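> Just passing along the structure, written as structure tokens.
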Amino acid sequence: MNEIKSFFWGILGFLKGVAVDFVKGDIFVKLSALIMGVGFFRRGQIAKGILLTLFQTVIIFFIIGFAIPNLSKFDTLGDVKFEAVFNFETMRNEISDYDHSFKILLYSLVSIVVLLTALILYLKNISDARKAELLSREGKHLPSFIEELKSLRDQRFYLILLSFPCLGVILFTIIPLIVMILVAFTTYDQFNFPPAGLFTWAGFDNFRQLSSTTAGGAFGYAFIKVLRWTLTWAVAAAFTTFFGGLLLSMFINNAKTKFKQMWRTLFIVSIAVPQFVTLLVVRNFFAKTGIVNTYMMEWGVTDFLKNIGLVPQALDHIPFLTHPTWTMFMIVFINIWIGVPYTMLIVTGILMNIPSDLYESARIDGASPAKQFYYITMPYILFVMGPFLVTSVVQNVNNFNVIYLLTQDVYYTTDLRLAAVNAKEIDLLVTWLYRLTQDYYDYKMASVIGILVFIVCASITLFFFNLVLKANKEDKFQL
């Protein structure tokens with residue numbers, strides 16, 4: 001919050017400084033507000049003046065040829081539809097000069113970013129012209145263009161280094177992110193798909209549609225169910241892999257355990273195999289006619305589960321990946337096999353760095369192994385791995401691979417309200433979003449879900465990090 005306040009106060013301070021420079025500056029400073037570079041021509045900085053004048057000329061052409069044509073249609077996102085009319089004279093289809101809604105949205109945003117950048121340079125031009133005037137009045141040396149380039153190369157070289165990553169972040173992160181957010185306020189879907197169709201602004205209708213839980217509000221119904229499972233999965237996956245890795249690491253590192261290197265190697269091998277290969281193989285294992293179901297039938301386990309009501313009587317197999325409850329359980333269970341080895345390696349490193357003096361002192365004081373674990377081992381591990389747990393929960397909210405690869409083309413929902421909006425009981429928000437975009441081209445609702453995924457992840461991160469920070473007893477672990 002303080003950073004945001006400082007940012008806005010910084011902007012106000014910059015604007016106030018430009019206004020003061022314009023008012024107090026001479027006629028050439030004031031003319032710099034009309035033609036960039038005039039103030040530098042007057043002070044003998046010809047090269048800098050020429051560059052600024054050329055920059056202003058380019059911006060004017062940019063505004064006339066690019067910004068105005070797109071920004072003028074930004075309010076409607078286009079109104080001329082695509083048409084192909086066959087011309088009998090030329091014997092060819094003639095395409096109308098149609099509007100492309102997505103290009104208008106993207107190009108308008110690019111225009112706004114470029115114009116804001118140009119505005120900052122325009123205002124800085126006035127302030128720099130005023131500084132040049134004051135230096136000239138005081139009889140001080142005004143740096144030439146070559147001297148400024150040398151300064152940029154030597155003393156201010158960091159500006160050149162920072163400019164490229166900043167430009168990359170703007171082009172490949174900020175602009176696409178803003179476009180995605182804006183799409184959530186449009187009608188962009190398979191029925192309004194450019195260039196054949198046009199989409200326009202929808203306001204908050206998409207958000208209302210997602211929040212509606214009435215009888216006809218299938219999106220609202222699906223969102224609540226998917227969100228509930230997403231949060232359940234994220235917490236269950238994070239804590240099962242954490243405690244599984246913790247117990248496995250303690251077992252392997254126990255003084256009584258033989259062949260420690262062999263056990264570590266066996267579990268590390270599971271990491272070496274690509275995750276998607278493991279998931280696809282496991283999916284085949286637990287398929288309807290897979291090896292697991294085959295043995296379950298031979299050993300009578302399937303019939304036993306039918307008798308106690310865990311498997312429907314109409315089935316001749318265990319629905320590991322086709323029944324909602326079974327599939328949810330199996331997803332968490334299979335994820336343990338994938339995630340535990342990573343946690344085991346991390347915890348192993350932590351256990352090897354816990355000072356042996358702590359355990360020696362505890363044994364002298366008569367502490368049992370259980371108390372040593374509760375008062376020494378666990379607090380030390382949580383101190384180190386607290387941020388990792390938070391990150392693990394957030395990562396599992398967006399854990400696309402496990403859900404998608406295990407259930408795609410295998411699990412089919414029987415809930416008609418979920419099927420109406422292309423969702424499944426075992427979907428995470430991210431897999432639902434993926435299916436909406438890639439299979440059904442419902443970009444507007446996918447964008448809304450993407451915004452809500454960000455809100456969910458940000459909320460989880462802030463909540464759990466606050467808990468970690470409050471429970472942080474760093475002074476007890478500083479040696």
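The chains in the structure tokens are called A, B, ... from first to last as shown; in each chain the residues are counted from 1, and the ligands are counted from 1 in the order shown.
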Which residues, written as a PyMOL selection string, have at least one atom at most 9 Å from Gln372 of chain A, with only C-alpha atoms counted and residues fewer than 6 positions away on the same chain left out?
chain A and resi 358-359+362-363+378
> Write a file of the selected residues as a PDB file, in the first residue's frame, keeping N, CA, C and O atoms.

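Output saved as again.pdb:
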```pdb
ATOM      1  N   LEU A 358      21.546 -29.816  19.190  1.00  0.00           N
ATOM      2  CA  LEU A 358      20.174 -29.665  19.690  1.00  0.00           C
ATOM      3  C   LEU A 358      19.632 -31.012  20.159  1.00  0.00           C
ATOM      4  O   LEU A 358      19.028 -31.113  21.242  1.00  0.00           O
ATOM      5  N   TYR A 359      19.842 -32.046  19.355  1.00  0.00           N
ATOM      6  CA  TYR A 359      19.367 -33.374  19.746  1.00  0.00           C
ATOM      7  C   TYR A 359      20.141 -33.907  20.941  1.00  0.00           C
ATOM      8  O   TYR A 359      19.579 -34.560  21.827  1.00  0.00           O
ATOM      9  N   ALA A 362      18.790 -32.298  23.985  1.00  0.00           N
ATOM     10  CA  ALA A 362      17.456 -32.821  24.295  1.00  0.00           C
ATOM     11  C   ALA A 362      17.546 -34.202  24.931  1.00  0.00           C
ATOM     12  O   ALA A 362      16.793 -34.521  25.865  1.00  0.00           O
ATOM     13  N   ARG A 363      18.448 -35.052  24.418  1.00  0.00           N
ATOM     14  CA  ARG A 363      18.599 -36.388  25.007  1.00  0.00           C
ATOM     15  C   ARG A 363      19.125 -36.309  26.433  1.00  0.00           C
ATOM     16  O   ARG A 363      18.693 -37.077  27.306  1.00  0.00           O
ATOM     17  N   MET A 378      10.350 -30.752  13.702  1.00  0.00           N
ATOM     18  CA  MET A 378       9.216 -30.160  12.994  1.00  0.00           C
ATOM     19  C   MET A 378       9.287 -28.636  12.942  1.00  0.00           C
ATOM     20  O   MET A 378       9.066 -28.044  11.867  1.00  0.00           O
TER      21      MET A 378
END
```
> Set the distance at 10 Å and use only C-alpha atoms: which residues neighbour Ile346 of chain A once local chain neighbours fewer than 5 positions away are removed? I'd like the list as a VMD selection string.
chain A and resid 242 245 to 246 249 341 351 381 384 to 385 388
> For the residues in that selection, give me C-alpha atoms as a short mmCIF file (atom, residue, chain, number, x, y, z; two decimals), in the first residue's frame.

```cif
data_model
loop_
_atom_site.label_atom_id
_atom_site.label_comp_id
_atom_site.auth_asym_id
_atom_site.auth_seq_id
_atom_site.Cartn_x
_atom_site.Cartn_y
_atom_site.Cartn_z
CA PHE A 242 4.73 -32.61 2.30
CA GLY A 245 8.07 -36.66 1.84
CA LEU A 246 8.79 -35.81 5.48
CA SER A 249 12.96 -38.77 4.44
CA PRO A 341 10.26 -37.62 -4.01
CA LEU A 351 17.52 -32.78 8.27
CA ILE A 381 11.48 -27.96 8.94
CA VAL A 384 12.60 -23.51 6.32
CA MET A 385 9.71 -24.95 4.28
CA PHE A 388 7.57 -23.75 0.06
#
```
> As a list in words, please: the residues near Leu279 of chain A (cut-off 12 Å, only C-alpha atoms, same-chain neighbours under 4 positions excluded).
Ser270, Val273, Pro274, Gln275, Arg283, Asn284, Phe285, Phe286, Met330, Ile331, Phe333, Ile334, Asn335, Ile336, Trp337, Ile338, Phe400, Asn401, Val402, Ile403, Tyr404, Leu405, Leu406, Thr407 and Gln408 of chain A
> For a test of reading the model, state the distance in Å between atom CA of His317 of chain A and atom CA of Thr232 of chain A, rounded to one decimal.
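Going from atom CA of His317 of chain A over to atom CA of Thr232 of chain A, I get 26.7 Å.
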> Pick out the residues sitting within 12 Å of segment 25-38 of chain A, and hand them over as a ChimeraX atom specification; count only C-alpha atoms, and ignore anything fewer than 3 positions along from it in its own chain.
/A:17-22,41-60,118-119,121-134,136-137
> Would you compute the distance between atom CA of Leu452 of chain A and atom CA of Met180 of chain A? Give it in Å to one decimal.
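It comes out at 12.2 Å.
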> DSSP on the backbone: what in segment 225-262 of chain A comes out helix (DSSP H, G or I), as a ChimeraX atom specification?
/A:225-253,260-262
> Choose the residue, out of A:Leu266, A:Leu247, A:Val85, A:Val183, that has the smallest atom-to-atom separation from Thr377 of chain A; count only C-alpha atoms.
A:Leu247
> Mind checking which residues fall within 9 Å of segment 415-431 of chain A, counting only C-alpha atoms, ignoring those fewer than 3 positions away in the same chain, and posting them as a ChimeraX atom specification?
/A:216-219,221-223,225-227,229-231,233,324-325,327-328,331,397-401,403-404,407,411-412,434-436,440,449-450,452-453
> Create the file for the chosen residues now, containing N, CA and C atoms and written as a compact mmCIF listing (two decimals), in the first residue's frame.

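And here is the file that came out, again_37.txt:
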```txt
# COMPACT_ATOMS: atom_id res chain seq x y z
N GLY A 216 -31.13 -21.41 -13.86
CA GLY A 216 -30.56 -21.30 -15.20
C GLY A 216 -29.11 -20.88 -15.20
N GLY A 217 -28.55 -20.66 -14.03
CA GLY A 217 -27.17 -20.18 -13.96
C GLY A 217 -26.18 -21.33 -13.92
N ALA A 218 -26.00 -21.98 -15.05
CA ALA A 218 -25.11 -23.15 -15.09
C ALA A 218 -23.67 -22.76 -14.81
N PHE A 219 -23.24 -21.59 -15.29
CA PHE A 219 -21.86 -21.17 -15.04
C PHE A 219 -21.62 -20.94 -13.56
N TYR A 221 -23.27 -22.30 -11.02
CA TYR A 221 -23.29 -23.62 -10.38
C TYR A 221 -21.97 -24.35 -10.59
N ALA A 222 -21.49 -24.34 -11.85
CA ALA A 222 -20.23 -25.02 -12.16
C ALA A 222 -19.06 -24.36 -11.46
N PHE A 223 -19.06 -23.05 -11.41
CA PHE A 223 -17.93 -22.34 -10.80
C PHE A 223 -17.79 -22.70 -9.32
N LYS A 225 -18.80 -25.46 -7.79
CA LYS A 225 -18.34 -26.84 -7.66
C LYS A 225 -16.87 -26.99 -8.02
N VAL A 226 -16.47 -26.35 -9.10
CA VAL A 226 -15.07 -26.45 -9.53
C VAL A 226 -14.15 -25.75 -8.54
N LEU A 227 -14.56 -24.59 -8.05
CA LEU A 227 -13.74 -23.86 -7.07
C LEU A 227 -13.57 -24.67 -5.79
N TRP A 229 -13.63 -27.94 -5.40
CA TRP A 229 -12.71 -29.04 -5.65
C TRP A 229 -11.29 -28.51 -5.85
N THR A 230 -11.14 -27.37 -6.50
CA THR A 230 -9.81 -26.80 -6.72
C THR A 230 -9.12 -26.52 -5.39
N LEU A 231 -9.84 -25.90 -4.46
CA LEU A 231 -9.24 -25.59 -3.15
C LEU A 231 -8.97 -26.85 -2.35
N TRP A 233 -8.38 -29.86 -3.56
CA TRP A 233 -7.23 -30.51 -4.20
C TRP A 233 -5.92 -29.81 -3.85
N PRO A 324 -16.87 -39.72 -9.84
CA PRO A 324 -16.35 -38.49 -9.21
C PRO A 324 -15.54 -38.74 -7.94
N THR A 325 -16.11 -39.47 -6.98
CA THR A 325 -15.42 -39.68 -5.70
C THR A 325 -14.16 -40.49 -5.88
N THR A 327 -12.41 -40.87 -8.60
CA THR A 327 -11.42 -40.13 -9.39
C THR A 327 -10.71 -39.08 -8.53
N MET A 328 -11.45 -38.38 -7.69
CA MET A 328 -10.82 -37.38 -6.81
C MET A 328 -9.80 -38.03 -5.88
N ILE A 331 -6.72 -39.13 -7.94
CA ILE A 331 -5.88 -38.00 -8.35
C ILE A 331 -4.94 -37.61 -7.22
N VAL A 397 -3.13 -25.18 -7.31
CA VAL A 397 -4.33 -24.54 -7.88
C VAL A 397 -4.23 -24.54 -9.40
N ASN A 398 -3.02 -24.39 -9.91
CA ASN A 398 -2.78 -24.36 -11.36
C ASN A 398 -2.10 -25.62 -11.87
N ASN A 399 -2.25 -26.73 -11.15
CA ASN A 399 -1.59 -27.98 -11.54
C ASN A 399 -2.37 -28.62 -12.69
N PHE A 400 -2.03 -28.24 -13.88
CA PHE A 400 -2.76 -28.67 -15.07
C PHE A 400 -2.48 -30.13 -15.41
N ASN A 401 -1.22 -30.54 -15.34
CA ASN A 401 -0.81 -31.85 -15.86
C ASN A 401 -1.54 -33.01 -15.20
N ILE A 403 -4.35 -33.35 -13.45
CA ILE A 403 -5.79 -33.49 -13.69
C ILE A 403 -6.06 -33.82 -15.15
N TYR A 404 -5.46 -33.07 -16.04
CA TYR A 404 -5.79 -33.20 -17.47
C TYR A 404 -5.32 -34.54 -18.03
N THR A 407 -7.39 -37.61 -16.72
CA THR A 407 -8.84 -37.71 -16.92
C THR A 407 -9.30 -37.36 -18.33
N TYR A 411 -12.71 -39.46 -18.27
CA TYR A 411 -13.79 -39.09 -17.35
C TYR A 411 -14.83 -38.26 -18.09
N TYR A 412 -16.11 -38.63 -17.95
CA TYR A 412 -17.22 -37.89 -18.55
C TYR A 412 -18.25 -37.61 -17.47
N TYR A 434 -8.86 -24.00 -19.76
CA TYR A 434 -8.18 -24.52 -20.96
C TYR A 434 -9.20 -25.11 -21.93
N ARG A 435 -10.14 -25.88 -21.42
CA ARG A 435 -11.13 -26.52 -22.28
C ARG A 435 -12.03 -25.47 -22.93
N LEU A 436 -12.39 -24.43 -22.19
CA LEU A 436 -13.24 -23.38 -22.75
C LEU A 436 -12.56 -22.67 -23.92
N TYR A 440 -13.78 -25.01 -27.07
CA TYR A 440 -15.09 -24.38 -27.29
C TYR A 440 -15.00 -22.89 -27.59
N ILE A 449 -12.73 -16.48 -15.76
CA ILE A 449 -12.19 -17.52 -14.88
C ILE A 449 -10.72 -17.27 -14.61
N GLY A 450 -9.96 -16.84 -15.65
CA GLY A 450 -8.55 -16.52 -15.46
C GLY A 450 -8.34 -15.42 -14.43
N LEU A 452 -10.38 -14.73 -11.96
CA LEU A 452 -10.73 -15.30 -10.65
C LEU A 452 -9.65 -16.25 -10.15
N VAL A 453 -8.99 -16.97 -11.07
CA VAL A 453 -7.86 -17.82 -10.66
C VAL A 453 -6.77 -16.97 -10.03
```
